[in-house]
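Participant: Structure file entry.cif, mmCIF, C-alpha atoms, is pasted below:
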```
data_query
loop_
_atom_site.label_atom_id
_atom_site.label_comp_id
_atom_site.auth_asym_id
_atom_site.auth_seq_id
_atom_site.Cartn_x
_atom_site.Cartn_y
_atom_site.Cartn_z
CA MET S 1 146.14 104.88 -132.30
CA THR S 2 143.59 102.16 -131.70
CA GLN S 3 142.80 101.45 -128.10
CA MET S 4 141.81 97.82 -127.86
CA ARG S 5 138.94 97.09 -125.52
CA TYR S 6 136.94 93.86 -125.57
CA GLU S 7 133.87 93.24 -123.46
CA VAL S 8 132.33 89.90 -122.54
CA ARG S 9 129.24 89.29 -120.44
CA LEU S 10 128.13 85.90 -119.13
CA ALA S 11 124.49 85.88 -118.06
CA GLY S 12 122.38 83.09 -116.65
CA ALA S 13 120.86 81.68 -113.49
CA GLY S 14 122.61 81.60 -110.13
CA GLY S 15 124.26 78.22 -109.60
CA GLN S 16 125.31 77.85 -113.25
CA GLY S 17 128.90 78.67 -112.34
CA LEU S 18 129.16 82.00 -114.14
CA VAL S 19 130.96 83.76 -111.28
CA LEU S 20 133.90 81.36 -111.48
CA ALA S 21 133.72 81.26 -115.30
CA GLY S 22 134.14 85.05 -115.35
CA ILE S 23 137.11 84.84 -113.03
CA VAL S 24 138.69 82.10 -115.12
CA LEU S 25 138.25 84.20 -118.27
CA ALA S 26 139.72 87.26 -116.52
CA GLU S 27 142.70 85.31 -115.21
CA ALA S 28 143.36 83.82 -118.65
CA ALA S 29 143.33 87.31 -120.20
CA LEU S 30 145.76 88.46 -117.50
CA MET S 31 148.11 85.59 -118.42
CA GLU S 32 148.00 86.83 -122.02
CA GLY S 33 149.38 90.15 -120.79
CA HIS S 34 146.20 92.25 -120.91
CA LEU S 35 144.68 94.52 -118.29
CA VAL S 36 141.39 93.15 -117.04
CA ILE S 37 138.45 93.99 -114.81
CA HIS S 38 136.00 91.33 -113.74
CA SER S 39 132.75 92.51 -112.19
CA GLN S 40 130.06 90.46 -110.63
CA ASN S 41 126.81 92.34 -110.32
CA TYR S 42 124.48 91.16 -107.57
CA GLY S 43 121.67 93.56 -108.36
CA PRO S 44 117.91 93.12 -108.26
CA GLU S 45 118.29 90.59 -111.07
CA ALA S 46 120.67 88.47 -109.00
CA ARG S 47 118.11 88.42 -106.20
CA GLY S 48 115.56 87.23 -108.72
CA GLY S 49 117.80 84.31 -109.56
CA ASN S 50 119.91 85.61 -112.43
CA SER S 51 123.63 86.32 -112.44
CA VAL S 52 125.73 88.63 -114.61
CA SER S 53 129.49 88.19 -114.80
CA GLU S 54 131.33 90.79 -116.86
CA VAL S 55 134.91 90.80 -118.10
CA ILE S 56 136.53 93.85 -119.71
CA ILE S 57 139.86 93.21 -121.39
CA SER S 58 142.07 96.04 -122.54
CA ASP S 59 145.62 96.91 -123.51
CA HIS S 60 145.31 100.31 -121.86
CA ASP S 61 144.14 101.52 -118.49
CA ILE S 62 140.44 100.84 -118.15
CA ASP S 63 138.91 104.26 -117.46
CA TYR S 64 135.30 103.20 -117.27
CA PRO S 65 135.03 99.87 -115.51
CA ARG S 66 131.64 98.68 -116.80
CA ALA S 67 130.57 97.54 -120.24
CA LEU S 68 130.02 100.24 -122.87
CA GLY S 69 129.17 97.82 -125.68
CA LEU S 70 129.41 94.03 -125.51
CA ASP S 71 131.55 92.25 -128.07
CA LEU S 72 130.38 88.88 -126.79
CA LEU S 73 127.32 87.87 -124.79
CA VAL S 74 126.67 84.37 -123.46
CA ALA S 75 123.05 83.99 -122.34
CA LEU S 76 121.90 80.80 -120.66
CA ASN S 77 118.21 81.62 -120.35
CA GLN S 78 115.58 83.71 -122.08
CA ARG S 79 115.50 86.58 -119.63
CA SER S 80 119.30 86.83 -119.52
CA CYS S 81 119.24 87.06 -123.29
CA SER S 82 116.44 89.63 -123.61
CA ASP S 83 117.77 91.83 -120.81
CA ASN S 84 121.35 91.98 -122.11
CA LEU S 85 120.96 92.26 -125.91
CA PRO S 86 120.38 96.04 -125.65
CA ASP S 87 123.96 96.38 -124.33
CA MET S 88 125.58 94.79 -127.40
CA LYS S 89 127.92 96.48 -129.86
CA PRO S 90 126.28 96.56 -133.32
CA ASP S 91 128.47 93.71 -134.56
CA GLY S 92 128.63 91.83 -131.25
CA LEU S 93 128.13 88.08 -131.11
CA ALA S 94 125.49 86.39 -128.94
CA ILE S 95 126.01 82.77 -127.90
CA VAL S 96 122.76 81.41 -126.46
CA ASP S 97 121.66 78.16 -124.92
CA SER S 98 119.32 76.88 -127.63
CA THR S 99 116.98 74.92 -125.34
CA PRO S 100 115.64 77.70 -123.07
CA VAL S 101 116.37 80.67 -125.36
CA LYS S 102 113.79 80.62 -128.12
CA LYS S 103 113.57 84.25 -129.11
CA VAL S 104 116.74 86.16 -130.00
CA LEU S 105 116.19 89.52 -131.66
CA TRP S 106 119.74 89.71 -132.88
CA GLY S 107 121.50 88.86 -136.12
CA LYS S 108 124.82 87.39 -135.15
CA VAL S 109 123.80 84.48 -132.98
CA LEU S 110 125.16 81.04 -132.21
CA ARG S 111 122.64 78.60 -130.78
CA VAL S 112 124.23 75.79 -128.76
CA PRO S 113 122.44 73.26 -126.50
CA LEU S 114 124.73 74.06 -123.57
CA GLN S 115 122.65 72.94 -120.60
CA ARG S 116 121.41 69.83 -122.41
CA GLU S 117 125.01 68.88 -123.19
CA ALA S 118 125.99 69.41 -119.53
CA ASP S 119 123.05 67.33 -118.27
CA HIS S 120 123.22 64.49 -120.79
CA THR S 121 126.82 64.14 -121.94
CA PHE S 122 128.45 65.08 -118.63
CA ASP S 123 125.65 64.12 -116.27
CA ASP S 124 126.48 67.29 -114.31
CA PRO S 125 124.47 70.50 -114.75
CA ARG S 126 127.26 72.51 -113.17
CA VAL S 127 129.70 72.10 -116.06
CA VAL S 128 127.50 74.30 -118.26
CA SER S 129 129.77 77.30 -117.62
CA MET S 130 132.86 75.34 -118.71
CA LEU S 131 131.07 74.34 -121.92
CA ALA S 132 130.19 77.99 -122.48
CA LEU S 133 133.81 79.09 -121.93
CA GLY S 134 134.86 76.47 -124.48
CA VAL S 135 132.36 77.58 -127.11
CA LEU S 136 133.39 81.22 -126.81
CA THR S 137 137.16 80.48 -126.99
CA PRO S 138 137.49 80.44 -130.82
CA PHE S 139 135.50 83.69 -131.06
CA CYS S 140 137.37 85.64 -128.38
CA PRO S 141 140.49 87.04 -130.06
CA LEU S 142 142.38 87.96 -126.90
CA VAL S 143 142.38 84.72 -124.93
CA SER S 144 143.87 81.44 -126.11
CA GLU S 145 142.73 77.90 -125.34
CA LYS S 146 146.10 77.36 -123.65
CA ALA S 147 145.64 80.27 -121.23
CA LEU S 148 142.05 79.27 -120.46
CA THR S 149 143.12 75.69 -119.77
CA LYS S 150 145.78 76.98 -117.37
CA ALA S 151 143.32 79.35 -115.68
CA ILE S 152 140.76 76.55 -115.19
CA SER S 153 143.49 74.32 -113.75
CA ASP S 154 144.56 77.05 -111.31
CA ARG S 155 141.07 77.88 -110.14
CA MET S 156 138.98 74.69 -110.11
CA PRO S 157 139.03 72.28 -107.16
CA GLN S 158 141.34 69.35 -107.80
CA ALA S 159 138.57 66.79 -107.30
CA SER S 160 136.51 68.02 -110.25
CA LEU S 161 139.28 69.41 -112.42
CA GLU S 162 139.49 66.62 -115.00
CA HIS S 163 135.72 66.66 -115.40
CA ASN S 164 135.68 70.44 -115.89
CA LEU S 165 138.54 70.36 -118.38
CA LYS S 166 136.76 67.70 -120.43
CA ALA S 167 133.65 69.88 -120.57
CA TYR S 168 135.77 72.87 -121.55
CA GLN S 169 137.42 70.91 -124.37
CA ALA S 170 134.05 69.67 -125.63
CA GLY S 171 132.94 73.30 -125.71
CA VAL S 172 136.00 74.33 -127.70
CA ALA S 173 135.28 71.57 -130.23
CA SER S 174 131.67 72.77 -130.62
CA GLY S 175 132.84 76.36 -130.98
CA ARG S 176 135.33 75.44 -133.72
CA GLN S 177 132.68 73.47 -135.58
CA LEU S 178 130.26 76.40 -135.41
CA GLN S 179 132.98 78.78 -136.54
CA GLY S 180 133.40 76.72 -139.68
CA ASP S 181 129.67 76.30 -140.14
CA ALA S 182 128.52 77.79 -143.46
CA HIS S 183 125.07 78.50 -142.04
CA PHE S 184 126.51 80.93 -139.51
CA HIS S 185 128.33 82.89 -142.20
CA GLU S 186 125.27 82.86 -144.47
CA LEU S 187 123.27 84.29 -141.61
CA GLU S 188 125.84 87.05 -141.17
CA ASP S 189 125.71 87.83 -144.89
CA ALA S 190 121.94 87.81 -144.90
CA ILE S 191 121.72 90.47 -142.22
CA GLU S 192 124.67 92.40 -143.60
CA VAL S 193 126.65 92.37 -140.36
CA MET F 1 116.91 110.29 -97.29
CA THR F 2 120.20 108.57 -96.56
CA GLN F 3 121.51 106.31 -99.26
CA MET F 4 123.54 103.60 -97.62
CA ARG F 5 126.69 102.64 -99.49
CA TYR F 6 129.54 100.66 -97.93
CA GLU F 7 132.83 99.97 -99.66
CA VAL F 8 135.35 97.27 -98.82
CA ARG F 9 138.67 96.60 -100.55
CA LEU F 10 140.84 93.53 -99.97
CA ALA F 11 144.40 94.03 -101.17
CA GLY F 12 147.36 91.69 -101.10
CA ALA F 13 149.47 89.36 -103.17
CA GLY F 14 148.15 87.01 -105.82
CA GLY F 15 147.61 83.55 -104.36
CA GLN F 16 146.42 84.86 -100.99
CA GLY F 17 142.84 83.97 -101.87
CA LEU F 18 141.45 87.51 -102.07
CA VAL F 19 139.46 86.88 -105.27
CA LEU F 20 137.36 84.22 -103.58
CA ALA F 21 137.22 86.18 -100.32
CA GLY F 22 135.70 89.11 -102.23
CA ILE F 23 133.14 86.84 -103.82
CA VAL F 24 132.27 85.29 -100.48
CA LEU F 25 131.78 88.75 -98.94
CA ALA F 26 129.65 89.84 -101.91
CA GLU F 27 127.49 86.71 -101.74
CA ALA F 28 127.01 87.13 -97.99
CA ALA F 29 125.88 90.73 -98.50
CA LEU F 30 123.48 89.52 -101.18
CA MET F 31 122.01 87.02 -98.70
CA GLU F 32 121.42 89.92 -96.31
CA GLY F 33 119.22 91.51 -98.96
CA HIS F 34 121.62 94.19 -100.24
CA LEU F 35 122.62 95.09 -103.77
CA VAL F 36 126.26 94.30 -104.39
CA ILE F 37 128.99 94.70 -106.99
CA HIS F 38 132.20 92.74 -106.70
CA SER F 39 135.07 93.83 -108.93
CA GLN F 40 138.39 92.17 -109.41
CA ASN F 41 140.93 94.48 -110.96
CA TYR F 42 143.74 92.79 -112.83
CA GLY F 43 145.65 95.96 -113.67
CA PRO F 44 149.37 96.65 -113.83
CA GLU F 45 149.50 95.98 -110.11
CA ALA F 46 148.06 92.49 -110.55
CA ARG F 47 150.72 91.74 -113.12
CA GLY F 48 153.31 92.86 -110.58
CA GLY F 49 151.96 90.30 -108.15
CA ASN F 50 149.32 92.23 -106.22
CA SER F 51 145.57 91.70 -106.26
CA VAL F 52 142.70 94.05 -105.45
CA SER F 53 139.22 92.70 -104.74
CA GLU F 54 136.52 95.30 -104.19
CA VAL F 55 133.01 94.91 -102.82
CA ILE F 56 130.44 97.71 -102.92
CA ILE F 57 127.32 97.10 -100.88
CA SER F 58 124.27 99.31 -101.18
CA ASP F 59 120.57 99.46 -100.53
CA HIS F 60 120.00 101.41 -103.71
CA ASP F 61 121.04 100.96 -107.30
CA ILE F 62 124.79 101.32 -107.57
CA ASP F 63 125.27 104.14 -110.07
CA TYR F 64 129.03 104.26 -109.99
CA PRO F 65 130.45 100.77 -109.75
CA ARG F 66 133.90 101.50 -108.34
CA ALA F 67 134.96 102.70 -104.91
CA LEU F 68 134.47 106.38 -104.14
CA GLY F 69 135.75 106.17 -100.56
CA LEU F 70 136.66 102.99 -98.72
CA ASP F 71 134.92 102.25 -95.44
CA LEU F 72 137.15 99.25 -94.85
CA LEU F 73 140.54 98.30 -96.27
CA VAL F 74 142.30 95.01 -95.63
CA ALA F 75 145.96 95.19 -96.69
CA LEU F 76 148.14 92.09 -96.54
CA ASN F 77 151.44 93.67 -97.55
CA GLN F 78 153.17 97.05 -97.41
CA ARG F 79 152.62 98.06 -101.00
CA SER F 80 148.94 97.07 -100.90
CA CYS F 81 148.60 99.26 -97.82
CA SER F 82 150.48 102.30 -99.13
CA ASP F 83 148.78 102.21 -102.55
CA ASN F 84 145.24 101.95 -101.22
CA LEU F 85 145.20 104.27 -98.19
CA PRO F 86 144.65 107.33 -100.45
CA ASP F 87 141.25 105.85 -101.42
CA MET F 88 139.93 105.71 -97.84
CA LYS F 89 136.98 107.64 -96.45
CA PRO F 90 138.22 110.01 -93.70
CA ASP F 91 136.85 107.74 -90.98
CA GLY F 92 137.55 104.45 -92.77
CA LEU F 93 139.14 101.54 -90.95
CA ALA F 94 142.34 99.83 -92.15
CA ILE F 95 143.03 96.24 -91.09
CA VAL F 96 146.65 95.35 -91.87
CA ASP F 97 148.80 92.27 -91.57
CA SER F 98 151.15 93.37 -88.81
CA THR F 99 154.16 91.30 -89.92
CA PRO F 100 154.80 92.72 -93.42
CA VAL F 101 153.03 96.07 -92.97
CA LYS F 102 155.27 98.25 -90.82
CA LYS F 103 154.32 101.73 -91.91
CA VAL F 104 150.66 102.79 -91.88
CA LEU F 105 150.05 106.50 -92.29
CA TRP F 106 146.50 106.22 -91.06
CA GLY F 107 144.82 106.72 -87.71
CA LYS F 108 142.16 104.07 -87.47
CA VAL F 109 144.18 100.90 -87.85
CA LEU F 110 143.97 97.35 -86.61
CA ARG F 111 147.21 95.39 -86.75
CA VAL F 112 146.72 91.62 -86.85
CA PRO F 113 149.37 88.96 -87.59
CA LEU F 114 147.22 87.38 -90.30
CA GLN F 115 149.79 85.55 -92.41
CA ARG F 116 151.72 84.38 -89.34
CA GLU F 117 148.50 82.95 -87.88
CA ALA F 118 147.73 81.18 -91.18
CA ASP F 119 151.24 79.73 -91.42
CA HIS F 120 151.73 78.72 -87.79
CA THR F 121 148.31 77.98 -86.31
CA PHE F 122 146.74 76.52 -89.46
CA ASP F 123 149.91 75.37 -91.21
CA ASP F 124 148.35 76.61 -94.45
CA PRO F 125 149.27 80.00 -95.93
CA ARG F 126 146.14 79.99 -98.10
CA VAL F 127 143.69 80.43 -95.21
CA VAL F 128 144.95 83.99 -94.69
CA SER F 129 141.96 85.39 -96.61
CA MET F 130 139.50 83.47 -94.38
CA LEU F 131 141.23 84.89 -91.30
CA ALA F 132 140.94 88.37 -92.81
CA LEU F 133 137.21 87.88 -93.53
CA GLY F 134 136.77 86.81 -89.93
CA VAL F 135 138.60 89.82 -88.48
CA LEU F 136 136.55 92.26 -90.56
CA THR F 137 133.20 90.65 -89.70
CA PRO F 138 132.55 92.51 -86.38
CA PHE F 139 133.46 95.82 -88.06
CA CYS F 140 131.35 95.44 -91.20
CA PRO F 141 127.82 96.51 -90.24
CA LEU F 142 126.01 95.02 -93.24
CA VAL F 143 127.13 91.42 -93.22
CA SER F 144 126.59 88.97 -90.38
CA GLU F 145 128.78 86.09 -89.27
CA LYS F 146 125.90 83.77 -90.14
CA ALA F 147 125.68 84.97 -93.75
CA LEU F 148 129.45 84.81 -94.18
CA THR F 149 129.55 81.28 -92.79
CA LYS F 150 126.84 80.26 -95.28
CA ALA F 151 128.63 82.00 -98.17
CA ILE F 152 131.93 80.28 -97.33
CA SER F 153 130.12 76.93 -97.15
CA ASP F 154 128.51 77.53 -100.56
CA ARG F 155 131.69 78.60 -102.30
CA MET F 156 134.62 76.67 -100.82
CA PRO F 157 135.54 73.19 -102.07
CA GLN F 158 134.16 70.48 -99.80
CA ALA F 159 137.60 68.98 -99.11
CA SER F 160 138.94 72.13 -97.45
CA LEU F 161 135.71 73.56 -96.07
CA GLU F 162 136.10 72.61 -92.41
CA HIS F 163 139.65 73.96 -92.41
CA ASN F 164 138.53 77.25 -93.99
CA LEU F 165 135.61 77.64 -91.58
CA LYS F 166 137.92 77.12 -88.60
CA ALA F 167 140.22 79.86 -89.88
CA TYR F 168 137.23 82.13 -90.45
CA GLN F 169 136.01 81.54 -86.89
CA ALA F 170 139.48 82.21 -85.46
CA GLY F 171 139.45 85.49 -87.39
CA VAL F 172 136.04 86.43 -85.98
CA ALA F 173 137.33 85.76 -82.44
CA SER F 174 140.38 88.00 -83.06
CA GLY F 175 138.19 90.72 -84.52
CA ARG F 176 135.85 90.66 -81.50
CA GLN F 177 138.80 90.85 -79.13
CA LEU F 178 140.25 93.82 -81.01
CA GLN F 179 136.87 95.51 -81.06
CA GLY F 180 136.82 95.38 -77.29
CA ASP F 181 140.46 96.39 -77.03
CA ALA F 182 140.87 99.68 -75.16
CA HIS F 183 144.04 100.45 -77.07
CA PHE F 184 142.13 100.67 -80.33
CA HIS F 185 139.63 103.12 -78.90
CA GLU F 186 142.35 105.15 -77.26
CA LEU F 187 144.04 105.41 -80.60
CA GLU F 188 140.81 106.57 -82.19
CA ASP F 189 140.36 109.17 -79.46
CA ALA F 190 143.94 110.30 -79.86
CA ILE F 191 143.47 111.12 -83.52
CA GLU F 192 139.96 112.48 -83.00
CA VAL F 193 138.29 110.14 -85.43
#
```
Take the structure from the file and write it as structure tokens.
Facilitator:
Amino acid sequence: MTQMRYEVRLAGAGGQGLVLAGIVLAEAALMEGHLVIHSQNYGPEARGGNSVSEVIISDHDIDYPRALGLDLLVALNQRSCSDNLPDMKPDGLAIVDSTPVKKVLWGKVLRVPLQREADHTFDDPRVVSMLALGVLTPFCPLVSEKALTKAISDRMPQASLEHNLKAYQAGVASGRQLQGDAHFHELEDAIEV
Amino acid sequence: MTQMRYEVRLAGAGGQGLVLAGIVLAEAALMEGHLVIHSQNYGPEARGGNSVSEVIISDHDIDYPRALGLDLLVALNQRSCSDNLPDMKPDGLAIVDSTPVKKVLWGKVLRVPLQREADHTFDDPRVVSMLALGVLTPFCPLVSEKALTKAISDRMPQASLEHNLKAYQAGVASGRQLQGDAHFHELEDAIEV
């Protein structure tokens, strides 16, 4: 019997909204009927300005509550990327912000200009985490766009909700485009993932 | 060498604001210079309507990221109380909402009408978690009122911030009063804590 367990880590600087993004992802997975643990680690790295938000989704009781092998990593800066790649599953997917993250020693990578999109298209650096949640949606098999939209609506302050939902939807559109992008699949083939 | 580790669990119904209260407590502890892990467990209990938010505060690397023995439990309903008392440290303190929680098989207990205060004094059931954070403040040695006030201000939506801070301050005042309450100490003496 296969025990389904899916691990996501969102890593970036403090203030990029990853704490709430992790909670939104966890609450969406709960709506889909899964068991979930969300952990927010405020370790030495957090004190140095970085934040790690981790969501473990399972259909069975979660015996060990921290990541054993990441299926999906979102890294919003170079250090967050370098520090967390060692925790990936062999076929895990890394989604990185292409402006600050130049060096990714990993095969299965999506490069998306997340912060640039937040700053320029939305004129609001804080929506970067909503964009990231959108981009990961098509790649995360256990959480639907519908559940994530509901979870964002439940959790975000009313005043900025429309703005955040627009950023989320723009992220979903980017994610879908990348999913269909031949280059991504060629890259996978090339490294025999 | 003593390794300081302090564990807090906030347990109650979904919608009582315990997810954010846990984050606020974790962020306040971080401001005080500690290492912190906040976990939000969306297990079978969460699906049944209850929520458990756990904060582990330490001055050393946190090897095991879930509670080993609770120093402080806040329980906002009977089931949250009964289910979580077995995880207490022998001298741990339970703070319970005195209206719904009638039966507490524990010695070191503070009974506070948290939800009634939220409903009647603040006319807003959702501030119950801010009241709870306030009540626990004088009993939690690692997090100051100042840091918690800052963490609430950073995390709560601007529109409801003043309201939430007032509830927090009312909670702190109740906690201080209870701390000085002879009855509480008598009870402790009686059970030889």
Participant: Counting all atoms listed in the file, which residue out of S:Cys140, S:Val128, S:Leu85, S:Leu68 sits closest to S:Gly107?
Facilitator: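 Counting all atoms listed in the file, the residue closest to S:Gly107 is S:Leu85.
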Participant: Give me, please, the distance in Å between atom CA of S:Lys146 and atom CA of F:Gly12, quoted to one decimal.
Facilitator: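 Atom CA of F:Gly12 lies at a distance of 26.7 Å from atom CA of S:Lys146.
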Participant: How many Å lie between atom CA of S:Ala21 and atom CA of F:Ala118, rounded to one decimal?
Facilitator: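 Spanning atom CA of S:Ala21 to atom CA of F:Ala118 is a straight-line distance of 27.9 Å.
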Participant: For stretch 49-59 of chain S, work out the shell of residues within 9 Å, counting only C-alpha atoms and skipping chain neighbours fewer than 6 positions away, then give it as number ranges by chain.
Facilitator: S: 3-16, 18-23, 25-26, 29-30, 33-43, 65-67, 79-80, 142
Participant: With C-alpha atoms retained, write the just-selected residues as a short mmCIF file (atom, residue, chain, number, x, y, z; two decimals), keeping the file's coordinate frame.
Facilitator:
```cif
data_model
loop_
_atom_site.label_atom_id
_atom_site.label_comp_id
_atom_site.auth_asym_id
_atom_site.auth_seq_id
_atom_site.Cartn_x
_atom_site.Cartn_y
_atom_site.Cartn_z
CA GLN S 3 142.80 101.45 -128.10
CA MET S 4 141.81 97.82 -127.86
CA ARG S 5 138.94 97.09 -125.52
CA TYR S 6 136.94 93.86 -125.57
CA GLU S 7 133.87 93.24 -123.46
CA VAL S 8 132.33 89.90 -122.54
CA ARG S 9 129.24 89.29 -120.44
CA LEU S 10 128.13 85.90 -119.13
CA ALA S 11 124.49 85.88 -118.06
CA GLY S 12 122.38 83.09 -116.65
CA ALA S 13 120.86 81.68 -113.49
CA GLY S 14 122.61 81.60 -110.13
CA GLY S 15 124.26 78.22 -109.60
CA GLN S 16 125.31 77.85 -113.25
CA LEU S 18 129.16 82.00 -114.14
CA VAL S 19 130.96 83.76 -111.28
CA LEU S 20 133.90 81.36 -111.48
CA ALA S 21 133.72 81.26 -115.30
CA GLY S 22 134.14 85.05 -115.35
CA ILE S 23 137.11 84.84 -113.03
CA LEU S 25 138.25 84.20 -118.27
CA ALA S 26 139.72 87.26 -116.52
CA ALA S 29 143.33 87.31 -120.20
CA LEU S 30 145.76 88.46 -117.50
CA GLY S 33 149.38 90.15 -120.79
CA HIS S 34 146.20 92.25 -120.91
CA LEU S 35 144.68 94.52 -118.29
CA VAL S 36 141.39 93.15 -117.04
CA ILE S 37 138.45 93.99 -114.81
CA HIS S 38 136.00 91.33 -113.74
CA SER S 39 132.75 92.51 -112.19
CA GLN S 40 130.06 90.46 -110.63
CA ASN S 41 126.81 92.34 -110.32
CA TYR S 42 124.48 91.16 -107.57
CA GLY S 43 121.67 93.56 -108.36
CA PRO S 65 135.03 99.87 -115.51
CA ARG S 66 131.64 98.68 -116.80
CA ALA S 67 130.57 97.54 -120.24
CA ARG S 79 115.50 86.58 -119.63
CA SER S 80 119.30 86.83 -119.52
CA LEU S 142 142.38 87.96 -126.90
#
```
Participant: Would you kindly translate the PyMOL selection byres ((chain F and resi 163-177) around 9) into the concrete residues it picks from this file, as a ChimeraX atom specification?
Facilitator: /F:112,114,118,122,127-139,145,149,152-153,156,159-162,178-181
Participant: Enter the distance from atom CA of S:Gly69 to atom CA of F:Tyr64, in Å, rounded to one decimal.
Facilitator: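 Taking atom CA of S:Gly69 and atom CA of F:Tyr64, their separation equals 17.0 Å.
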Participant: Any chance you could resolve the PyMOL selection byres ((chain F and resi 103) around 9) against this file and give the residues as a PyMOL selection string?
Facilitator: chain F and resi 78+81-82+101-102+104-105
Participant: Save stretch 170-183 of chain F from what I just supplied, as an mmCIF file, in the first residue's frame, atoms limited to N, CA, C and O atoms.
Facilitator:
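Heads up, here's the output in selection_36.cif:
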```cif
data_model
loop_
_atom_site.group_PDB
_atom_site.id
_atom_site.type_symbol
_atom_site.label_atom_id
_atom_site.label_comp_id
_atom_site.auth_asym_id
_atom_site.auth_seq_id
_atom_site.Cartn_x
_atom_site.Cartn_y
_atom_site.Cartn_z
ATOM 1 N N ALA F 170 -6.222 43.815 27.671
ATOM 2 C CA ALA F 170 -7.192 43.345 28.680
ATOM 3 C C ALA F 170 -6.787 41.959 29.181
ATOM 4 O O ALA F 170 -6.891 41.663 30.382
ATOM 5 N N GLY F 171 -6.311 41.119 28.260
ATOM 6 C CA GLY F 171 -5.837 39.790 28.650
ATOM 7 C C GLY F 171 -4.643 39.869 29.586
ATOM 8 O O GLY F 171 -4.574 39.153 30.594
ATOM 9 N N VAL F 172 -3.692 40.748 29.272
ATOM 10 C CA VAL F 172 -2.509 40.917 30.132
ATOM 11 C C VAL F 172 -2.951 41.329 31.540
ATOM 12 O O VAL F 172 -2.463 40.784 32.549
ATOM 13 N N ALA F 173 -3.898 42.268 31.623
ATOM 14 C CA ALA F 173 -4.380 42.731 32.925
ATOM 15 C C ALA F 173 -5.010 41.578 33.711
ATOM 16 O O ALA F 173 -4.742 41.405 34.909
ATOM 17 N N SER F 174 -5.821 40.746 33.034
ATOM 18 C CA SER F 174 -6.413 39.572 33.704
ATOM 19 C C SER F 174 -5.334 38.612 34.179
ATOM 20 O O SER F 174 -5.402 38.085 35.292
ATOM 21 N N GLY F 175 -4.352 38.382 33.326
ATOM 22 C CA GLY F 175 -3.269 37.452 33.674
ATOM 23 C C GLY F 175 -2.507 37.928 34.903
ATOM 24 O O GLY F 175 -2.228 37.145 35.815
ATOM 25 N N ARG F 176 -2.220 39.241 34.948
ATOM 26 C CA ARG F 176 -1.484 39.793 36.099
ATOM 27 C C ARG F 176 -2.289 39.633 37.381
ATOM 28 O O ARG F 176 -1.750 39.310 38.437
ATOM 29 N N GLN F 177 -3.603 39.887 37.257
ATOM 30 C CA GLN F 177 -4.474 39.766 38.424
ATOM 31 C C GLN F 177 -4.488 38.314 38.928
ATOM 32 O O GLN F 177 -4.380 38.062 40.120
ATOM 33 N N LEU F 178 -4.576 37.384 37.999
ATOM 34 C CA LEU F 178 -4.603 35.969 38.378
ATOM 35 C C LEU F 178 -3.274 35.531 38.979
ATOM 36 O O LEU F 178 -3.229 34.701 39.882
ATOM 37 N N GLN F 179 -2.202 36.121 38.461
ATOM 38 C CA GLN F 179 -0.877 35.775 38.970
ATOM 39 C C GLN F 179 -0.750 36.161 40.439
ATOM 40 O O GLN F 179 -0.105 35.485 41.226
ATOM 41 N N GLY F 180 -1.399 37.276 40.778
ATOM 42 C CA GLY F 180 -1.349 37.737 42.158
ATOM 43 C C GLY F 180 -2.454 37.148 43.035
ATOM 44 O O GLY F 180 -2.524 37.428 44.229
ATOM 45 N N ASP F 181 -3.289 36.324 42.427
ATOM 46 C CA ASP F 181 -4.453 35.788 43.118
ATOM 47 C C ASP F 181 -4.034 34.680 44.084
ATOM 48 O O ASP F 181 -3.466 33.670 43.706
ATOM 49 N N ALA F 182 -4.364 34.890 45.376
ATOM 50 C CA ALA F 182 -3.967 33.926 46.404
ATOM 51 C C ALA F 182 -4.555 32.543 46.116
ATOM 52 O O ALA F 182 -3.928 31.518 46.342
ATOM 53 N N HIS F 183 -5.755 32.533 45.582
ATOM 54 C CA HIS F 183 -6.439 31.263 45.336
ATOM 55 C C HIS F 183 -5.600 30.340 44.441
ATOM 56 O O HIS F 183 -5.502 29.147 44.663
#
```
